[in-house]
$ cat final_4.txt   # compact mmCIF, C-alpha atoms
# COMPACT_ATOMS: atom_id res chain seq x y z
CA MET A 1 -22.44 -27.47 5.34
CA ASN A 2 -22.95 -27.39 9.09
CA ILE A 3 -21.39 -24.16 10.22
CA ASP A 4 -22.99 -22.53 13.21
CA LYS A 5 -24.06 -19.29 11.56
CA SER A 6 -24.73 -17.60 14.86
CA MET A 7 -21.02 -17.61 15.65
CA LYS A 8 -19.50 -14.24 16.45
CA VAL A 9 -17.06 -12.94 13.86
CA LEU A 10 -14.53 -10.15 14.43
CA VAL A 11 -13.52 -8.24 11.27
CA VAL A 12 -10.29 -6.23 11.54
CA ASP A 13 -9.09 -3.78 8.86
CA ASP A 14 -7.87 -0.19 9.05
CA PHE A 15 -10.17 0.79 6.17
CA SER A 16 -13.82 1.17 7.20
CA THR A 17 -14.99 0.56 3.63
CA MET A 18 -13.31 -2.87 3.57
CA ARG A 19 -14.81 -3.78 6.95
CA ARG A 20 -18.22 -2.81 5.63
CA ILE A 21 -17.81 -4.90 2.48
CA ILE A 22 -16.67 -7.97 4.43
CA ARG A 23 -19.52 -7.65 6.91
CA ASN A 24 -21.98 -7.39 4.00
CA LEU A 25 -20.47 -10.50 2.41
CA LEU A 26 -20.70 -12.35 5.73
CA ARG A 27 -24.35 -11.33 6.00
CA GLU A 28 -24.95 -12.75 2.49
CA ILE A 29 -23.56 -16.11 3.65
CA GLY A 30 -25.70 -15.96 6.77
CA PHE A 31 -23.31 -14.59 9.41
CA THR A 32 -25.10 -11.65 10.99
CA ASN A 33 -23.31 -11.69 14.34
CA THR A 34 -20.31 -9.59 13.37
CA VAL A 35 -18.23 -6.93 15.10
CA GLU A 36 -15.34 -4.86 13.83
CA ALA A 37 -12.05 -3.24 14.87
CA ASP A 38 -9.74 -0.88 12.99
CA ASP A 39 -6.36 -2.25 14.15
CA GLY A 40 -4.63 -5.12 15.92
CA THR A 41 -4.38 -2.88 18.98
CA THR A 42 -8.14 -2.37 19.18
CA ALA A 43 -8.90 -5.96 18.17
CA LEU A 44 -6.93 -7.64 20.94
CA PRO A 45 -9.02 -6.30 23.87
CA ILE A 46 -12.19 -7.37 22.04
CA LEU A 47 -10.76 -10.86 21.63
CA LYS A 48 -9.58 -11.04 25.23
CA ALA A 49 -13.04 -9.99 26.44
CA GLY A 50 -14.22 -13.30 25.03
CA GLY A 51 -17.01 -14.57 22.80
CA ILE A 52 -15.28 -14.28 19.43
CA ASP A 53 -15.48 -17.52 17.43
CA PHE A 54 -13.79 -16.43 14.21
CA LEU A 55 -11.25 -13.72 13.33
CA ILE A 56 -10.90 -12.14 9.89
CA THR A 57 -8.00 -9.70 9.70
CA ASP A 58 -5.99 -7.52 7.34
CA TRP A 59 -2.17 -7.54 7.54
CA ASN A 60 -1.02 -3.97 6.91
CA MET A 61 -2.34 -1.88 9.81
CA PRO A 62 -0.56 1.08 11.40
CA GLY A 63 -0.65 0.16 15.11
CA MET A 64 -0.37 -3.64 15.24
CA PRO A 65 -0.10 -5.49 11.92
CA GLY A 66 -2.25 -8.59 11.36
CA ILE A 67 0.69 -10.97 11.65
CA GLU A 68 1.42 -9.69 15.16
CA LEU A 69 -2.27 -9.97 16.06
CA LEU A 70 -2.16 -13.57 14.84
CA ASN A 71 0.91 -14.28 16.94
CA ALA A 72 -0.74 -12.73 20.00
CA VAL A 73 -3.84 -14.87 19.47
CA ARG A 74 -1.84 -18.09 19.05
CA ARG A 75 0.23 -17.32 22.18
CA ASP A 76 -2.86 -16.78 24.36
CA GLU A 77 -4.23 -19.90 26.05
CA ASP A 78 -7.80 -18.60 25.85
CA LEU A 79 -7.60 -17.44 22.23
CA LYS A 80 -5.33 -19.87 20.42
CA HIS A 81 -8.20 -22.09 19.28
CA ILE A 82 -9.88 -19.29 17.29
CA PRO A 83 -9.71 -19.84 13.50
CA VAL A 84 -8.03 -16.90 11.76
CA LEU A 85 -8.51 -15.86 8.13
CA MET A 86 -6.22 -13.21 6.67
CA VAL A 87 -7.65 -10.95 3.93
CA THR A 88 -4.91 -8.67 2.66
CA ALA A 89 -3.15 -6.98 -0.23
CA GLU A 90 0.18 -8.38 1.03
CA ALA A 91 1.16 -10.82 -1.70
CA LYS A 92 4.79 -11.80 -1.11
CA ARG A 93 5.44 -15.54 -0.89
CA ASP A 94 7.59 -14.94 2.20
CA GLN A 95 4.67 -13.30 3.97
CA ILE A 96 2.32 -16.15 3.15
CA VAL A 97 4.86 -18.62 4.46
CA GLN A 98 5.28 -16.49 7.57
CA ALA A 99 1.51 -16.44 8.13
CA ALA A 100 1.24 -20.19 7.59
CA GLN A 101 4.02 -20.83 10.07
CA ALA A 102 2.32 -18.50 12.57
CA GLY A 103 -0.81 -20.65 12.37
CA ILE A 104 -3.14 -18.91 9.90
CA ASN A 105 -6.15 -21.00 8.80
CA GLY A 106 -6.68 -19.24 5.48
CA TYR A 107 -5.20 -16.43 3.37
CA ILE A 108 -7.05 -14.36 0.80
CA VAL A 109 -5.28 -11.79 -1.39
CA LYS A 110 -7.02 -8.54 -2.35
CA PRO A 111 -8.76 -7.89 -4.61
CA PHE A 112 -10.96 -10.91 -3.93
CA THR A 113 -14.41 -12.16 -4.89
CA ALA A 114 -17.41 -13.00 -2.76
CA GLU A 115 -17.10 -16.62 -3.90
CA THR A 116 -13.51 -16.84 -2.68
CA LEU A 117 -14.48 -15.55 0.77
CA GLN A 118 -17.31 -18.07 1.04
CA GLN A 119 -15.12 -20.95 -0.18
CA LYS A 120 -12.33 -20.21 2.29
CA ILE A 121 -14.73 -19.88 5.22
CA GLU A 122 -16.38 -23.18 4.30
CA LYS A 123 -12.95 -24.81 4.02
CA ILE A 124 -11.88 -23.56 7.45
CA PHE A 125 -14.99 -24.82 9.18
CA ALA A 126 -15.19 -28.08 7.26
CA SER A 127 -11.94 -29.12 8.91
CA ALA A 128 -12.68 -27.46 12.27
CA MET B 1 56.04 23.65 -17.28
CA ASP B 2 58.20 20.58 -17.28
CA ARG B 3 61.51 20.14 -15.49
CA GLU B 4 63.70 20.33 -18.63
CA GLU B 5 62.06 23.58 -19.69
CA ARG B 6 62.53 25.07 -16.23
CA LEU B 7 66.18 24.05 -16.11
CA ALA B 8 66.77 25.51 -19.58
CA CYS B 9 65.15 28.80 -18.55
CA ALA B 10 67.12 28.91 -15.29
CA ARG B 11 70.42 28.28 -17.13
CA ARG B 12 69.64 31.07 -19.61
CA LEU B 13 68.95 33.41 -16.65
CA VAL B 14 72.24 32.52 -14.92
CA ARG B 15 74.28 32.94 -18.15
CA ALA B 16 72.58 36.31 -18.81
CA ILE B 17 73.40 37.60 -15.31
CA GLU B 18 77.01 36.33 -15.54
CA ALA B 19 77.36 37.99 -18.97
CA GLY B 20 75.86 41.21 -17.62
CA ASP B 21 73.29 41.06 -20.42
CA GLU B 22 70.33 42.94 -18.89
CA GLN B 23 68.02 42.34 -21.91
CA ALA B 24 68.62 38.61 -21.92
CA GLU B 25 68.27 38.55 -18.12
CA ASN B 26 64.85 40.26 -18.30
CA ASP B 27 63.70 37.92 -21.10
CA ALA B 28 64.65 34.80 -19.15
CA ALA B 29 63.11 36.15 -15.90
CA ASN B 30 59.88 37.03 -17.75
CA ALA B 31 59.72 33.57 -19.35
CA ILE B 32 59.89 31.98 -15.88
CA ALA B 33 57.33 34.43 -14.49
CA ARG B 34 54.95 33.79 -17.41
CA ARG B 35 55.09 30.06 -16.82
CA GLN B 36 54.41 30.57 -13.10
CA SER B 37 51.44 32.79 -13.73
CA LEU B 38 50.00 30.27 -16.20
CA HIS B 39 50.23 27.64 -13.49
CA LEU B 40 48.58 29.99 -11.00
CA HIS B 41 45.89 30.82 -13.56
CA GLU B 42 45.06 27.15 -13.98
CA GLN B 43 44.75 26.76 -10.22
CA LEU B 44 42.51 29.82 -9.97
CA GLN B 45 40.28 28.47 -12.75
CA ARG B 46 39.86 25.18 -10.93
CA ILE B 47 39.02 26.95 -7.66
CA ALA B 48 36.54 29.21 -9.46
CA GLY B 49 34.88 26.10 -10.94
CA GLU B 50 34.59 24.45 -7.53
CA LEU B 51 33.16 27.63 -6.04
CA ARG B 52 30.58 27.80 -8.80
CA ASP B 53 29.56 24.16 -8.20
CA THR B 54 29.28 24.76 -4.47
CA LEU B 55 27.13 27.84 -5.04
CA CYS B 56 24.94 25.80 -7.41
CA ASN B 57 24.53 23.10 -4.81
CA LEU B 58 23.71 25.74 -2.24
CA ASP B 59 21.05 27.11 -4.56
CA ALA B 60 19.67 23.61 -5.09
CA ALA B 61 19.70 22.98 -1.36
CA GLU B 62 17.90 26.25 -0.75
CA GLU B 63 15.34 25.45 -3.43
CA LEU B 64 14.85 22.00 -1.90
CA ALA B 65 14.36 23.54 1.52
CA ARG B 66 11.88 26.05 0.10
CA ILE B 67 9.91 23.22 -1.52
CA ALA B 68 10.04 21.20 1.71
CA HIS B 69 8.72 24.13 3.72
CA ARG B 70 6.04 25.29 1.32
CA GLU B 71 4.90 22.35 -0.79
CA LEU B 72 5.47 19.16 1.17
CA PRO B 73 3.20 19.91 4.15
CA ASP B 74 0.42 20.59 1.62
CA THR B 75 1.11 17.19 0.13
CA HIS B 76 0.00 15.47 3.32
CA VAL B 77 -3.21 17.45 3.37
CA ARG B 78 -3.87 16.61 -0.28
CA LEU B 79 -3.15 12.91 0.10
CA ASN B 80 -5.40 12.70 3.15
CA GLN B 81 -8.03 14.50 1.14
CA VAL B 82 -7.85 11.80 -1.51
CA ILE B 83 -8.34 9.11 1.14
CA SER B 84 -11.30 10.97 2.72
CA LEU B 85 -13.01 11.71 -0.58
CA THR B 86 -12.68 8.15 -1.84
CA GLU B 87 -13.84 6.85 1.55
CA GLU B 88 -16.95 9.05 1.51
CA ALA B 89 -17.77 8.08 -2.06
CA ALA B 90 -17.34 4.37 -1.36
CA HIS B 91 -19.51 4.57 1.77
CA SER B 92 -22.22 6.48 -0.12
CA THR B 93 -22.22 3.83 -2.80
CA LEU B 94 -22.36 1.04 -0.23
CA SER B 95 -25.31 2.72 1.49
CA ALA B 96 -27.15 2.92 -1.82
CA VAL B 97 -26.32 -0.72 -2.59
CA GLU B 98 -27.38 -1.87 0.89
CA ALA B 99 -30.72 -0.09 0.40
CA SER B 100 -31.19 -1.46 -3.13
CA MET B 101 -30.47 -5.13 -2.47
CA PRO B 102 -33.56 -5.69 -0.30
CA LEU B 103 -35.65 -4.02 -3.03
CA ALA B 104 -34.40 -6.51 -5.61
CA ASP B 105 -34.88 -9.36 -3.13
CA GLY B 106 -38.36 -8.06 -2.40
CA ILE B 107 -39.34 -8.22 -6.06
CA SER B 108 -38.11 -11.82 -6.35
CA ASP B 109 -39.82 -12.83 -3.10
CA SER B 110 -43.12 -11.18 -4.05
CA ILE B 111 -43.23 -13.03 -7.36
CA GLU B 112 -42.37 -16.32 -5.69
CA ARG B 113 -45.10 -15.82 -3.09
CA PHE B 114 -47.62 -14.85 -5.76
CA ARG B 115 -46.77 -17.91 -7.84
CA ALA B 116 -47.09 -20.15 -4.81
CA GLU B 117 -50.43 -18.68 -3.85
CA TYR B 118 -52.13 -18.24 -7.20
CA SER B 119 -52.14 -20.47 -10.21
CA LEU B 120 -52.38 -18.59 -13.46
CA PRO B 121 -55.35 -19.21 -15.78
CA ARG B 122 -54.60 -21.43 -18.75
CA ASN B 123 -55.49 -18.86 -21.34
CA PRO B 124 -53.43 -16.42 -23.43
CA ARG B 125 -53.72 -13.77 -20.73
CA GLY B 126 -52.54 -16.18 -18.05
CA LYS B 127 -49.69 -17.31 -20.25
CA ALA B 128 -48.64 -13.70 -20.93
CA LEU B 129 -48.81 -12.95 -17.23
CA GLY B 130 -46.62 -15.98 -16.53
CA VAL B 131 -44.02 -14.79 -19.02
CA LEU B 132 -44.10 -11.30 -17.54
CA LEU B 133 -43.57 -12.61 -14.02
CA ASP B 134 -40.67 -14.79 -15.18
CA ASP B 135 -39.06 -11.83 -16.92
CA ILE B 136 -39.41 -9.61 -13.89
CA ALA B 137 -38.00 -12.32 -11.62
CA ALA B 138 -35.04 -12.85 -13.96
CA SER B 139 -34.38 -9.11 -14.10
CA ALA B 140 -34.57 -8.84 -10.33
CA ALA B 141 -32.06 -11.67 -9.99
CA GLU B 142 -29.73 -10.03 -12.52
CA LEU B 143 -30.12 -6.70 -10.74
CA ARG B 144 -29.22 -8.39 -7.47
CA ARG B 145 -26.04 -9.82 -9.02
CA ARG B 146 -25.05 -6.43 -10.46
CA LEU B 147 -25.58 -4.78 -7.10
CA ALA B 148 -23.23 -7.34 -5.56
CA ASP B 149 -20.66 -6.42 -8.24
CA VAL B 150 -21.02 -2.73 -7.39
CA MET B 151 -20.46 -3.54 -3.74
CA MET B 152 -17.27 -5.53 -4.40
CA ALA B 153 -15.97 -2.79 -6.69
CA GLN B 154 -15.90 -0.40 -3.70
CA SER B 155 -12.90 -2.34 -2.41
CA PHE B 156 -10.91 0.01 -4.67
CA GLN B 157 -10.92 2.49 -1.80
CA ASP B 158 -8.97 0.14 0.45
CA ILE B 159 -6.34 -0.64 -2.15
CA THR B 160 -5.91 2.93 -3.41
CA GLY B 161 -5.93 4.19 0.18
CA GLN B 162 -3.06 1.84 1.04
CA ILE B 163 -1.09 3.07 -1.95
CA VAL B 164 -1.72 6.71 -1.01
CA ARG B 165 -0.64 6.06 2.59
CA ARG B 166 2.58 4.56 1.30
CA VAL B 167 3.26 7.66 -0.81
CA ALA B 168 2.51 9.86 2.21
CA GLY B 169 5.04 7.84 4.18
CA LEU B 170 7.68 8.39 1.51
CA VAL B 171 6.95 12.14 1.55
CA ALA B 172 7.38 12.15 5.33
CA ASP B 173 10.71 10.36 4.94
CA LEU B 174 11.78 12.98 2.40
CA GLU B 175 10.77 15.80 4.73
CA ALA B 176 12.76 14.27 7.56
CA VAL B 177 15.85 13.88 5.38
CA ILE B 178 15.64 17.47 4.13
CA ALA B 179 15.05 18.83 7.63
CA LYS B 180 18.02 16.89 8.95
CA GLY B 181 20.19 18.08 6.06
CA GLN B 182 19.20 21.68 6.72
CA ALA B 183 20.04 21.42 10.38
CA GLY B 184 23.50 20.28 9.30
CA GLY B 185 23.06 16.71 10.42
CA ARG B 186 23.63 13.62 8.32
CA PRO B 187 20.46 12.24 6.76
CA SER B 188 19.75 9.08 8.70
CA ALA B 189 17.26 6.24 8.34
CA ALA B 190 13.70 7.58 8.37
CA ARG B 191 10.68 6.62 10.48
CA ARG B 192 11.03 3.44 12.42
CA ARG B 193 8.63 0.91 10.95
CA SER B 194 7.87 -2.48 12.43
CA PRO B 195 9.55 -5.25 10.39
CA ASN B 196 6.11 -6.91 10.28
CA ALA B 197 4.43 -3.81 8.91
CA GLY B 198 3.81 -5.04 5.38
CA GLU B 199 4.41 -3.39 2.04
CA GLY B 200 0.95 -2.56 0.79
CA PRO B 201 -0.38 -3.47 -2.67
CA ALA B 202 2.32 -4.68 -5.07
CA LEU B 203 3.16 -2.52 -8.06
CA PRO B 204 2.15 -4.00 -11.41
CA GLY B 205 5.15 -5.75 -12.93
CA GLN B 206 6.79 -6.31 -9.55
CA GLY B 207 7.13 -10.03 -10.06
CA GLU B 208 9.90 -10.96 -7.66
CA GLY B 209 8.59 -13.34 -4.99
CA ILE B 210 4.99 -12.17 -5.34
CA VAL B 211 2.09 -14.54 -5.85
CA SER B 212 0.15 -14.11 -9.07
CA GLY B 213 -3.32 -14.54 -7.59
CA GLN B 214 -5.51 -16.50 -5.20
CA GLN B 215 -4.78 -19.77 -7.01
CA ASP B 216 -1.07 -19.26 -6.43
CA VAL B 217 -1.78 -18.56 -2.74
CA ASP B 218 -3.88 -21.71 -2.47
CA GLU B 219 -1.15 -23.86 -4.00
CA LEU B 220 1.47 -22.39 -1.68
CA LEU B 221 -0.80 -22.90 1.34
CA SER B 222 -1.53 -26.52 0.51
CA GLU B 223 2.22 -27.15 0.15
CA LEU B 224 2.52 -25.75 3.68
CA GLY B 225 -0.30 -27.92 4.94
CA VAL B 226 -2.82 -25.15 5.50

$ encode --input "final_4.txt" --output "C-alpha cells"
Amino acid sequence: MNIDKSMKVLVVDDFSTMRRIIRNLLREIGFTNTVEADDGTTALPILKAGGIDFLITDWNMPGMPGIELLNAVRRDEDLKHIPVLMVTAEAKRDQIVQAAQAGINGYIVKPFTAETLQQKIEKIFASA
Amino acid sequence: MDREERLACARRLVRAIEAGDEQAENDAANAIARRQSLHLHEQLQRIAGELRDTLCNLDAAEELARIAHRELPDTHVRLNQVISLTEEAAHSTLSAVEASMPLADGISDSIERFRAEYSLPRNPRGKALGVLLDDIAASAAELRRRLADVMMAQSFQDITGQIVRRVAGLVADLEAVIAKGQAGGRPSAARRRSPNAGEGPALPGQGEGIVSGQQDVDELLSELGV
C-alpha cells in the first residue's frame, strides 16, 4: 500500500479523548503528522491555512457540525480535493445518504475498531 | 326538575292561591323553592370541584417552579461533573496505555535483536533459553494487543458524554418551558438547534431508519457509489 505516511491529518471531534484515541490509532498505522481541532468552527481556519492532506471528522459538534464542515470544504476551491472520513455515532440511514451526497469519502460508525479505521483509510487512498 | 314537574307545581300554587288555601300555597311554594335550591346546590358543587382542581394545578405549578429553581440548575453541574470525571479517567488510562505500549514493544524488540545477534547453544540449556525467549515474546505481543483493547475501550467517554450532553439539553429545554410558563407566557419551542446538528448515539432498540453496524454502513455507501 503506497500511502504517503508523512501526509498531514486533521482530526476533528468535540471530545478530547476521542481525538487522542484516533491520533494514537493513526500513529499505529504510521501517520505521525497529525493535528487536532475541537469543532468545525476551529477546524476550518486550520484547513484554510493550508497543508492538510486528510480530514477525519465527527458529525455531532456544538458549533459547526461535521456535515457543515464537509460542505464548507467541498465548496472551497482550495480545499475540495481533500479526502474526508467521518467517524461518528450518528447512525441514521438518512444522515449517511446526506454525507455521501455531500461528498464524504468514508463513514465509520462509533463504536469502531482499529481494524475498521485502517481499512477505511487504505480504501480511501487506494482510489485516490 | 323537568318541565312537566315545574308546570304541575306552578298549577298547584295558582289553584292554592285562588282557593285562598294558605297551607297548600306554602307547600307548593316550598316545593318549587326546594327544587331551585337543589339546582343551585349542584351548580355550587361543580364550581367547588373546579376551584379545587385549579388550586391543585396551582400547587403542582408551584412545586414544579420550586423544583426548577432549586434542583434543575444543580442538574447541569452534576451532568458536567459526570463528563469531566469520565474525561479525566479516560485520559489517565490513555496516558498509562501510551506509556505501557513502548515497554511491551521494547521487550519484543530486545528479544528479536538478541536472537538476531546471538545463536543459542544446542544443548538443553540453550533449548530452555530459546523456549523462555519465545514465551516472553509471545506474552509481550499479547500484552501489546490487550493494551490496544484498553485504549479502544476508552471511547466510552465520547459516547457516554454525548448521551449526557443530550440529557443536559433536554433539562435546559424543560427549564426554559417552566420559566416561560411562570412568567405567564406560552411555552414555545426550546433552544434553536441547527437542523444539521445530529442526534447523538442511538438508543438501544431504536430501529427505525438506523444502520445496524459498520457492515450496514458499508453496504449503503457502496450502493451510493462511495

$ closest_atom_pairs --input "final_4.txt" --of "segment 35-95 of chain B" --to "segment 7-31 of chain B" --cutoff "12 Å" --atoms "all atoms listed in the file" --output "CSV"
residue,atom,partner,partner_atom,distance
B:Arg35,CA,B:Ala31,CA,6.3
B:Gln36,CA,B:Ala31,CA,8.7
B:Ser37,CA,B:Ala31,CA,10.0
B:Leu38,CA,B:Ala31,CA,10.7

$ write_last_selection --input "final_4.txt" --atoms "C-alpha atoms" --output "mmCIF file, in the coordinates of the input"
data_model
loop_
_atom_site.group_PDB
_atom_site.id
_atom_site.type_symbol
_atom_site.label_atom_id
_atom_site.label_comp_id
_atom_site.auth_asym_id
_atom_site.auth_seq_id
_atom_site.Cartn_x
_atom_site.Cartn_y
_atom_site.Cartn_z
ATOM 1 C CA ARG B 35 55.090 30.060 -16.820
ATOM 2 C CA GLN B 36 54.410 30.570 -13.100
ATOM 3 C CA SER B 37 51.440 32.790 -13.730
ATOM 4 C CA LEU B 38 50.000 30.270 -16.200
#

$ atom_distance --input "final_4.txt" --atom1 "atom CA of Pro45 of chain A" --atom2 "atom CA of Asp76 of chain A"
12.2 Å

$ closest_residue --input "final_4.txt" --among "B:Ala168, B:Thr86, B:Arg115, B:Asp135" --to "chain A" --atoms "only C-alpha atoms"
B:Thr86

$ residues_around --input "final_4.txt" --residues "segment 18-25 of chain A" --least-positions-apart "5" --cutoff "10 Å" --atoms "only C-alpha atoms" --output "PyMOL selection string"
(chain A and resi 9-13+30-38+56-58+87+113-115+117-118) or (chain B and resi 87+90-91+94-95+98+148+151-159)

$ atom_distance --input "final_4.txt" --atom1 "atom CA of Val97 of chain A" --atom2 "atom CA of Leu224 of chain B"
7.5 Å

$ closest_atom_pairs --input "final_4.txt" --of "chain A" --to "chain B" --cutoff "7 Å" --atoms "only C-alpha atoms" --output "tab-separated table"
residue	atom	partner	partner_atom	distance
A:Phe15	CA	B:Asp158	CA	5.9
A:Thr17	CA	B:His91	CA	6.3
A:Met18	CA	B:Ser155	CA	6.0
A:Ile21	CA	B:Met151	CA	6.9
A:Trp59	CA	B:Gly198	CA	6.8
A:Asn60	CA	B:Gly198	CA	5.2
A:Pro65	CA	B:Ala197	CA	5.7
A:Ile67	CA	B:Asn196	CA	6.9
A:Ala89	CA	B:Pro201	CA	5.1
A:Glu90	CA	B:Gly200	CA	5.9
A:Ala91	CA	B:Ile210	CA	5.5
A:Lys92	CA	B:Ile210	CA	4.3
A:Arg93	CA	B:Ile210	CA	5.6
A:Ala100	CA	B:Val226	CA	6.7
A:Asn105	CA	B:Val226	CA	6.3
A:Ile108	CA	B:Gln214	CA	6.6
A:Val109	CA	B:Gln214	CA	6.1

$ closest_residue --input "final_4.txt" --among "A:Lys8, A:Thr116, A:Ala102, A:Tyr107" --to "Arg74 of chain A" --atoms "all atoms listed in the file"
A:Ala102

$ atom_distance --input "final_4.txt" --atom1 "atom CA of Ala61 of chain B" --atom2 "atom CA of Ile178 of chain B"
8.8 Å

$ residues_near_point --input "final_4.txt" --point "(-9.4, -18.4, 9.9)" --cutoff "9 Å" --atoms "only C-alpha atoms" --output "ChimeraX atom specification"
/A:54-57,82-86,104-107,120-121,124-125

$ axis_aligned_box --input "final_4.txt" --around "segment 65-78 of chain A" --padding-each-side "8 Å" --output "JSON"
{"center_x": -3.2, "center_y": -12.7, "center_z": 18.7, "size_x": 25.2, "size_y": 30.4, "size_z": 30.7}

$ closest_residue --input "final_4.txt" --among "B:Leu170, B:Leu147, B:Leu44, B:Leu103" --to "Leu79 of chain B" --atoms "all atoms listed in the file"
B:Leu170

$ residues_around --input "final_4.txt" --residues "Leu79 of chain A" --least-positions-apart "5" --cutoff "8 Å" --atoms "all atoms listed in the file" --output "list of chain:residue names"
A:Leu47, A:Lys48, A:Val73, A:Arg74

$ residues_around --input "final_4.txt" --residues "Leu44 of chain A" --least-positions-apart "5" --cutoff "9 Å" --atoms "all atoms listed in the file" --output "PyMOL selection string"
chain A and resi 39+49+69+72-73

$ decode --input "final_4.txt" --residues "segment 26-71 of chain B" --atoms "C-alpha atoms" --output "mmCIF file, in the first residue's frame"
data_model
loop_
_atom_site.group_PDB
_atom_site.id
_atom_site.type_symbol
_atom_site.label_atom_id
_atom_site.label_comp_id
_atom_site.auth_asym_id
_atom_site.auth_seq_id
_atom_site.Cartn_x
_atom_site.Cartn_y
_atom_site.Cartn_z
ATOM 1 C CA ASN B 26 -96.914 27.370 51.229
ATOM 2 C CA ASP B 27 -96.434 23.684 50.354
ATOM 3 C CA ALA B 28 -96.413 24.371 46.613
ATOM 4 C CA ALA B 29 -94.103 27.419 47.012
ATOM 5 C CA ASN B 30 -91.708 25.364 49.170
ATOM 6 C CA ALA B 31 -91.674 22.515 46.625
ATOM 7 C CA ILE B 32 -90.609 24.988 43.913
ATOM 8 C CA ALA B 33 -88.019 26.581 46.191
ATOM 9 C CA ARG B 34 -86.594 23.178 47.158
ATOM 10 C CA ARG B 35 -86.159 22.227 43.529
ATOM 11 C CA GLN B 36 -84.428 25.554 42.817
ATOM 12 C CA SER B 37 -82.044 25.180 45.699
ATOM 13 C CA LEU B 38 -81.167 21.639 44.598
ATOM 14 C CA HIS B 39 -80.287 23.025 41.191
ATOM 15 C CA LEU B 40 -78.211 25.774 42.798
ATOM 16 C CA HIS B 41 -76.531 23.204 45.038
ATOM 17 C CA GLU B 42 -75.487 21.153 42.026
ATOM 18 C CA GLN B 43 -74.012 24.245 40.399
ATOM 19 C CA LEU B 44 -72.139 25.160 43.578
ATOM 20 C CA GLN B 45 -70.732 21.627 43.818
ATOM 21 C CA ARG B 46 -69.434 21.805 40.271
ATOM 22 C CA ILE B 47 -67.830 25.209 40.897
ATOM 23 C CA ALA B 48 -66.263 23.935 44.121
ATOM 24 C CA GLY B 49 -64.822 20.974 42.177
ATOM 25 C CA GLU B 50 -63.327 23.249 39.527
ATOM 26 C CA LEU B 51 -61.859 25.504 42.199
ATOM 27 C CA ARG B 52 -60.273 22.515 43.889
ATOM 28 C CA ASP B 53 -58.747 21.331 40.583
ATOM 29 C CA THR B 54 -57.404 24.799 39.868
ATOM 30 C CA LEU B 55 -55.866 25.026 43.328
ATOM 31 C CA CYS B 56 -54.307 21.582 42.795
ATOM 32 C CA ASN B 57 -52.843 22.689 39.492
ATOM 33 C CA LEU B 58 -51.554 25.828 41.154
ATOM 34 C CA ASP B 59 -49.889 23.690 43.804
ATOM 35 C CA ALA B 60 -48.379 21.488 41.102
ATOM 36 C CA ALA B 61 -47.207 24.532 39.198
ATOM 37 C CA GLU B 62 -45.647 25.960 42.341
ATOM 38 C CA GLU B 63 -43.965 22.649 43.123
ATOM 39 C CA LEU B 64 -42.669 22.495 39.545
ATOM 40 C CA ALA B 65 -41.331 26.016 39.825
ATOM 41 C CA ARG B 66 -39.673 25.180 43.149
ATOM 42 C CA ILE B 67 -38.009 22.137 41.575
ATOM 43 C CA ALA B 68 -36.935 24.202 38.566
ATOM 44 C CA HIS B 69 -35.374 26.843 40.796
ATOM 45 C CA ARG B 70 -33.697 24.552 43.276
ATOM 46 C CA GLU B 71 -32.951 21.227 41.600
#
